[in-house]
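Asks: Contents of data07.tsv (TSV, C-alpha atoms) are below:
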```tsv
chain	number	residue	atom	x	y	z
A	1	MET	CA	136.98	106.93	89.96
A	2	ASP	CA	138.69	109.00	92.63
A	3	PRO	CA	139.99	106.87	95.56
A	4	ASP	CA	138.37	109.20	98.08
A	5	ASP	CA	135.04	108.78	96.31
A	6	ALA	CA	135.53	105.02	96.40
A	7	ARG	CA	136.21	105.12	100.14
A	8	ARG	CA	133.19	107.31	100.79
A	9	SER	CA	130.98	104.99	98.73
A	10	LEU	CA	132.20	101.95	100.70
A	11	GLU	CA	131.50	103.71	103.99
A	12	GLN	CA	128.03	104.66	102.79
A	13	ALA	CA	127.36	101.07	101.67
A	14	THR	CA	128.37	99.75	105.09
A	15	SER	CA	126.16	102.27	106.85
A	16	LEU	CA	123.11	101.52	104.70
A	17	SER	CA	123.63	97.78	104.95
A	18	THR	CA	123.85	98.09	108.73
A	19	THR	CA	120.54	99.96	108.81
A	20	SER	CA	118.79	97.24	106.80
A	21	THR	CA	120.29	94.30	108.66
A	22	SER	CA	119.39	95.93	111.99
A	23	ALA	CA	115.79	96.14	110.79
A	24	ALA	CA	115.94	92.43	109.95
A	25	ARG	CA	117.17	91.43	113.42
A	26	TRP	CA	113.61	91.05	114.74
A	27	LEU	CA	113.78	87.35	113.85
A	28	VAL	CA	116.07	86.73	116.85
A	29	PRO	CA	113.55	87.69	119.61
A	30	TYR	CA	110.82	86.07	117.52
A	31	TYR	CA	112.49	82.64	117.76
A	32	VAL	CA	113.42	83.14	121.41
A	33	ALA	CA	109.75	83.89	122.23
A	34	LEU	CA	108.59	80.81	120.33
A	35	GLY	CA	111.18	78.65	122.10
A	36	LEU	CA	110.22	79.82	125.58
A	37	GLY	CA	106.55	79.43	124.71
A	38	SER	CA	107.26	75.87	123.56
A	39	VAL	CA	108.63	74.95	126.98
A	40	VAL	CA	105.52	76.32	128.69
A	41	LEU	CA	103.31	74.51	126.16
A	42	ALA	CA	105.01	71.13	126.67
A	43	LEU	CA	104.95	71.39	130.45
A	44	GLY	CA	101.35	72.66	130.51
A	45	VAL	CA	100.10	69.86	128.28
A	46	GLY	CA	102.05	67.03	129.85
A	47	LEU	CA	102.74	67.72	133.50
A	48	THR	CA	99.35	67.57	135.19
A	49	GLY	CA	97.06	66.00	132.60
A	50	ASP	CA	94.35	68.34	133.94
A	51	PRO	CA	92.07	69.26	130.98
A	52	VAL	CA	91.67	72.83	132.26
A	53	VAL	CA	95.44	73.35	132.36
A	54	VAL	CA	95.76	71.85	128.87
A	55	VAL	CA	93.06	74.17	127.48
A	56	VAL	CA	94.53	77.26	129.14
A	57	THR	CA	98.07	76.44	128.01
A	58	THR	CA	96.97	75.69	124.46
A	59	THR	CA	94.98	78.93	124.33
A	60	LEU	CA	98.01	80.90	125.52
A	61	TRP	CA	100.08	79.17	122.84
A	62	VAL	CA	97.60	80.14	120.12
A	63	VAL	CA	97.67	83.75	121.35
A	64	LEU	CA	101.48	83.70	121.24
A	65	VAL	CA	101.53	82.28	117.69
A	66	VAL	CA	99.00	84.87	116.46
A	67	ALA	CA	100.90	87.72	118.16
A	68	THR	CA	104.27	86.66	116.75
A	69	SER	CA	102.74	86.14	113.29
A	70	VAL	CA	101.31	89.67	113.27
A	71	TYR	CA	104.65	90.97	114.56
A	72	ALA	CA	106.51	89.12	111.78
A	73	ALA	CA	104.14	90.32	109.05
A	74	THR	CA	104.64	93.96	109.98
A	75	ARG	CA	108.46	93.96	110.05
A	76	ARG	CA	110.22	96.08	107.41
A	77	ALA	CA	113.09	93.77	106.41
A	78	THR	CA	113.97	90.08	106.50
A	79	VAL	CA	117.32	88.33	106.83
A	80	ARG	CA	118.85	86.56	103.87
A	81	GLY	CA	117.61	82.99	103.45
A	82	MET	CA	114.72	83.52	105.85
A	83	ALA	CA	112.29	81.25	104.01
A	84	ALA	CA	114.68	78.29	104.14
A	85	LEU	CA	115.65	78.99	107.76
A	86	HIS	CA	112.03	79.24	108.85
A	87	GLY	CA	111.02	76.15	106.89
A	88	VAL	CA	113.75	74.01	108.45
A	89	THR	CA	113.05	75.40	111.93
A	90	MET	CA	109.31	74.81	111.75
A	91	GLY	CA	109.85	71.33	110.32
A	92	ALA	CA	112.19	70.39	113.18
A	93	TRP	CA	109.89	72.01	115.75
A	94	THR	CA	106.87	70.09	114.42
A	95	ALA	CA	108.79	66.80	114.53
A	96	ALA	CA	109.87	67.47	118.12
A	97	TRP	CA	106.33	68.47	119.17
A	98	CYS	CA	104.68	65.45	117.52
A	99	THR	CA	107.23	63.07	119.04
A	100	THR	CA	106.78	64.62	122.49
A	101	VAL	CA	102.99	64.44	122.39
A	102	LEU	CA	102.65	61.01	120.73
A	103	VAL	CA	105.17	59.20	122.91
A	104	GLY	CA	104.14	61.12	126.03
A	105	SER	CA	100.48	60.22	125.47
A	106	LEU	CA	101.08	56.54	124.77
A	107	ALA	CA	103.61	55.87	127.52
A	108	ASP	CA	103.66	57.26	131.02
A	109	LEU	CA	107.18	58.66	131.06
A	110	GLY	CA	106.59	61.32	133.69
A	111	TRP	CA	107.48	65.01	133.83
A	112	ALA	CA	111.03	64.47	132.57
A	113	TRP	CA	109.77	63.41	129.14
A	114	TRP	CA	107.66	66.54	128.71
A	115	ALA	CA	110.38	68.79	130.05
A	116	GLY	CA	112.84	67.14	127.66
A	117	GLY	CA	110.46	67.70	124.75
A	118	GLY	CA	110.05	71.35	125.71
A	119	LEU	CA	113.80	71.81	125.97
A	120	ALA	CA	114.30	70.14	122.57
A	121	MET	CA	111.89	72.64	120.99
A	122	LEU	CA	113.61	75.48	122.85
A	123	ALA	CA	116.99	74.29	121.53
A	124	ILE	CA	115.64	74.22	117.96
A	125	CYS	CA	114.34	77.77	118.30
A	126	LEU	CA	117.56	79.02	119.92
A	127	ALA	CA	119.61	77.49	117.09
A	128	ALA	CA	117.37	79.33	114.62
A	129	ALA	CA	117.78	82.56	116.61
A	130	ALA	CA	121.57	82.17	116.49
A	131	SER	CA	121.45	81.60	112.74
A	132	ALA	CA	119.22	84.67	112.29
A	133	HIS	CA	121.65	86.72	114.37
A	134	ARG	CA	124.58	85.67	112.14
A	135	ARG	CA	122.62	86.51	108.99
A	136	ALA	CA	121.61	89.94	110.30
A	137	ARG	CA	125.07	91.39	109.84
A	138	PRO	CA	126.46	93.50	106.98
A	139	THR	CA	128.82	91.83	104.56
A	140	PRO	CA	132.52	92.32	105.27
A	141	VAL	CA	133.20	93.23	101.60
A	142	ALA	CA	132.19	96.82	102.07
A	143	ALA	CA	134.10	96.97	105.34
A	144	GLY	CA	137.33	96.09	103.59
A	145	ALA	CA	137.77	92.32	103.81
A	146	ALA	CA	138.32	89.96	100.88
A	147	ALA	CA	136.77	91.17	97.67
A	148	GLY	CA	135.10	87.91	96.72
A	149	VAL	CA	131.46	87.34	95.91
A	150	ARG	CA	129.57	85.66	98.71
B	1	MET	CA	142.46	102.58	88.15
B	2	SER	CA	143.46	98.96	87.40
B	3	ASP	CA	141.88	97.19	84.42
B	4	ALA	CA	140.27	94.64	86.72
B	5	ALA	CA	138.66	97.30	88.89
B	6	ASP	CA	137.67	99.25	85.81
B	7	ALA	CA	135.92	96.22	84.31
B	8	ALA	CA	134.01	95.47	87.52
B	9	ILE	CA	132.60	98.98	87.95
B	10	GLU	CA	128.92	98.87	87.01
B	11	GLU	CA	127.74	102.07	85.35
B	12	THR	CA	124.19	101.58	86.63
B	13	PHE	CA	125.38	102.08	90.21
B	14	HIS	CA	127.11	105.41	89.54
B	15	THR	CA	123.90	107.27	90.33
B	16	PRO	CA	124.02	107.89	94.12
B	17	ALA	CA	120.39	106.90	94.68
B	18	ARG	CA	120.79	103.61	92.79
B	19	PHE	CA	123.99	102.82	94.67
B	20	ALA	CA	122.20	103.53	97.96
B	21	ILE	CA	119.24	101.32	97.04
B	22	MET	CA	121.54	98.44	96.18
B	23	ALA	CA	123.56	98.93	99.39
B	24	SER	CA	120.35	98.88	101.43
B	25	LEU	CA	119.30	95.57	99.92
B	26	VAL	CA	122.55	93.65	99.48
B	27	ASP	CA	122.54	91.95	102.90
B	28	VAL	CA	118.82	91.31	103.38
B	29	ASP	CA	116.25	89.11	101.63
B	30	ARG	CA	113.92	92.02	101.13
B	31	ALA	CA	113.19	95.43	102.56
B	32	GLU	CA	110.08	97.54	102.63
B	33	PHE	CA	109.75	100.70	100.53
B	34	ALA	CA	109.56	103.02	103.55
B	35	LEU	CA	112.66	101.52	105.16
B	36	VAL	CA	114.75	102.07	102.03
B	37	ARG	CA	113.30	105.55	101.47
B	38	ASP	CA	114.06	106.66	105.03
B	39	ALA	CA	117.52	105.06	105.02
B	40	ILE	CA	118.69	106.76	101.83
B	41	GLY	CA	116.80	110.02	102.41
B	42	VAL	CA	114.91	110.49	99.15
B	43	SER	CA	111.28	111.15	98.25
B	44	ASP	CA	108.81	108.44	97.27
B	45	SER	CA	108.92	109.48	93.62
B	46	VAL	CA	112.72	109.49	93.43
B	47	LEU	CA	112.90	106.05	95.03
B	48	SER	CA	110.22	104.70	92.68
B	49	LYS	CA	112.00	106.08	89.63
B	50	HIS	CA	115.40	104.61	90.48
B	51	ALA	CA	113.94	101.31	91.71
B	52	SER	CA	112.12	100.97	88.37
B	53	HIS	CA	115.37	101.58	86.54
B	54	LEU	CA	117.11	98.89	88.60
B	55	GLU	CA	114.17	96.54	88.01
B	56	ARG	CA	114.40	97.04	84.24
B	57	ALA	CA	118.14	96.35	84.46
B	58	GLY	CA	117.33	93.02	86.15
B	59	PHE	CA	119.03	93.94	89.45
B	60	VAL	CA	116.00	94.52	91.67
B	61	GLU	CA	112.68	92.77	92.08
B	62	VAL	CA	109.69	94.86	93.15
B	63	VAL	CA	106.95	92.99	95.00
B	64	LYS	CA	103.61	94.60	95.83
B	65	GLY	CA	101.27	93.16	98.43
B	66	TYR	CA	99.17	93.86	101.45
B	67	VAL	CA	99.65	93.66	105.20
B	68	GLY	CA	96.07	93.52	106.40
B	69	LYS	CA	94.37	96.15	104.27
B	70	ARG	CA	97.44	98.32	103.86
B	71	PRO	CA	99.29	98.14	100.55
B	72	ARG	CA	103.01	97.54	100.85
B	73	THR	CA	105.89	97.51	98.39
B	74	TRP	CA	108.97	95.40	98.95
B	75	PHE	CA	112.33	95.48	97.21
B	76	ALA	CA	114.69	92.54	96.84
B	77	LEU	CA	117.90	92.06	94.89
B	78	THR	CA	117.94	89.45	92.17
B	79	ASP	CA	120.86	87.01	92.12
B	80	ASP	CA	122.35	88.96	89.21
B	81	GLY	CA	121.88	92.22	91.10
B	82	ARG	CA	123.58	90.92	94.23
B	83	THR	CA	126.50	89.50	92.26
B	84	ALA	CA	126.94	92.69	90.22
B	85	PHE	CA	126.80	94.91	93.30
B	86	ARG	CA	129.30	92.79	95.22
B	87	ARG	CA	131.65	93.00	92.25
B	88	HIS	CA	131.13	96.75	92.21
B	89	LEU	CA	131.96	97.00	95.93
B	90	ALA	CA	135.02	94.83	95.45
B	91	ALA	CA	136.20	97.10	92.63
B	92	LEU	CA	135.71	100.15	94.85
B	93	ARG	CA	137.72	98.43	97.55
B	94	ARG	CA	140.57	97.74	95.11
B	95	ILE	CA	140.59	101.38	94.02
B	96	ALA	CA	140.69	102.60	97.62
B	97	ASP	CA	143.37	100.09	98.63
B	98	ALA	CA	145.53	100.81	95.57
B	99	ALA	CA	145.53	104.52	96.41
B	100	ALA	CA	146.46	103.77	100.02
B	101	ASP	CA	149.32	101.49	98.89
B	102	TYR	CA	150.57	104.17	96.47
B	103	THR	CA	150.57	106.81	99.21
B	104	ALA	CA	152.37	104.51	101.64
B	105	ALA	CA	155.04	103.64	99.02
B	106	GLY	CA	155.58	107.35	98.31
B	107	ARG	CA	156.12	108.04	102.00
B	108	ARG	CA	158.71	105.25	102.24
B	109	GLU	CA	160.69	106.61	99.27
B	110	SER	CA	160.78	110.24	100.51
```
Could you render the structure as structure tokens?
Replies:
Amino acid sequence: MDPDDARRSLEQATSLSTTSTSAARWLVPYYVALGLGSVVLALGVGLTGDPVVVVVTTTLWVVLVVATSVYAATRRATVRGMAALHGVTMGAWTAAWCTTVLVGSLADLGWAWWAGGGLAMLAICLAAAASAHRRARPTPVAAGAAAGVR
Amino acid sequence: MSDAADAAIEETFHTPARFAIMASLVDVDRAEFALVRDAIGVSDSVLSKHASHLERAGFVEVVKGYVGKRPRTWFALTDDGRTAFRRHLAALRRIADAAADYTAAGRRES
């Protein structure tokens, strides 16, 4: 193969890979939205104890989950390892949520407990967003780095 | 071309459309038909034909499903496909680098 053809092919591969990975970057704002929603959910459920506030907050959370699920289902590409990343993230989020609600309901630990639980869920989602951001990048092989197989 | 680079070149990827499909998929889990079609600039039929060829070769997996009531087709690389394409890219890189080294050495001698 002609070296110029090889160079052109590598440039084309990088360009196409960039297009696809850009389309898969939606997972970053998705996790950020879930994380911020988690903080609102924890504070809404735990801070006042008012049933109306709990119902309103929970309803808003359900709307957020439905909206982000529809958004996710209509995206055109997904990052590598998304199933594993999402499984781990949702597992950790569920553990944090259950711990926050169970302990917060059984013991009167005040607003700091609920805020801490919300921040823990936010941290989990932000870690997932950072991981998604790293995965949504083209491989350096085509760009000229080491020629190994990732 | 070096023997190593020669051995790593995969004939299946010589066709520009197949190379472009593989490049579109190599860094994502899966991508939708329309995204790949628009990115590589071919018609539906051309994309279908080359994707089927790559599927038969064991490099691409084609998944059909629905989003709501709308039918969707997704493409994903198999493990073998990803490995073969990365080897192909690495071989291309060696060819390009070898030519650059040769040109630089020629300049130093003259």
Asks: With a distance cut-off of 12 Å and only C-alpha atoms, select the neighbouring residues of Thr15 in chain B, excluding the residue or stretch itself and same-chain residues fewer than 5 positions from it, and output the selection as a VMD selection string.
Replies: (chain A and resid 9) or (chain B and resid 10 20 to 22 46 49 to 51 53 to 54)
Asks: Residues of chain A were defined as contacting chain B if any atom lay at most 10 Å from it, counting all atoms listed in the file; please report them as JSON, numbers by chain.
Replies: {"A": [1, 2, 3, 4, 5, 6, 7, 8, 9, 10, 12, 13, 14, 15, 16, 17, 18, 19, 20, 21, 22, 23, 24, 70, 73, 74, 75, 76, 77, 78, 79, 80, 81, 82, 83, 135, 136, 137, 138, 139, 141, 142, 143, 144, 145, 146, 147, 148, 149, 150]}
Asks: Just how far from CA of Tyr71 in chain A is CA of Asp79 in chain B, in Å to one decimal?
Replies: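 Calculated distance between CA of Asp79 in chain B and CA of Tyr71 in chain A is 28.0 Å.
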Asks: Counting only C-alpha atoms, find residues at most 6 Å from (108.7, 73.0, 125.3) (file frame) and give them as an MDAnalysis selection string.
Replies: chainID A and resid 38:42 117:119 121
Asks: Take the residues just selected and output them with C-alpha atoms as an mmCIF file, in the coordinates of the input.
Replies:
```
data_model
loop_
_atom_site.group_PDB
_atom_site.id
_atom_site.type_symbol
_atom_site.label_atom_id
_atom_site.label_comp_id
_atom_site.auth_asym_id
_atom_site.auth_seq_id
_atom_site.Cartn_x
_atom_site.Cartn_y
_atom_site.Cartn_z
ATOM 1 C CA SER A 38 107.260 75.870 123.560
ATOM 2 C CA VAL A 39 108.630 74.950 126.980
ATOM 3 C CA VAL A 40 105.520 76.320 128.690
ATOM 4 C CA LEU A 41 103.310 74.510 126.160
ATOM 5 C CA ALA A 42 105.010 71.130 126.670
ATOM 6 C CA GLY A 117 110.460 67.700 124.750
ATOM 7 C CA GLY A 118 110.050 71.350 125.710
ATOM 8 C CA LEU A 119 113.800 71.810 125.970
ATOM 9 C CA MET A 121 111.890 72.640 120.990
#
```
Asks: Show which residues sit within 7 Å of Phe59 in chain B, as a ChimeraX atom specification. Count only C-alpha atoms, and ignore same-chain residues fewer than 4 positions away.
Replies: /B:54-55,77-78,80-81
Asks: Compute the distance from (104.6, 88.1, 118.2) to each atom, counting all atoms listed in the file, keep the residues with any atom at most 12 Å away, and return them as a list in words; use the coordinates of the file.
Replies: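 The requested residues, written out, are Trp26, Leu27, Val28, Pro29, Tyr30, Tyr31, Val32, Ala33, Leu34, Gly37, Trp61, Val62, Val63, Leu64, Val65, Val66, Ala67, Thr68, Ser69, Val70, Tyr71, Ala72, Ala73, Thr74 and Arg75 of chain A.
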Asks: Interatomic distance between CA of Thr94 in chain A and CA of Leu122 in chain A?
Replies: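 Answer for the CA of Thr94 in chain A to CA of Leu122 in chain A separation: 12.1 Å.
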Asks: Please give the centre and size of the box around range 41-48 of chain A (axis-aligned, containing every atom listed in the file, 5 Å added per side), with values in Å to one decimal and written as AutoDock Vina command-line options.
Replies:
```
--center_x 102.2 --center_y 70.8 --center_z 130.7 --size_x 15.7 --size_y 17.5 --size_z 19.0
```
Asks: Using Å and a single decimal, report how far CA of Gly46 in chain A sits from CA of Val103 in chain A.
Replies: 10.9 Å
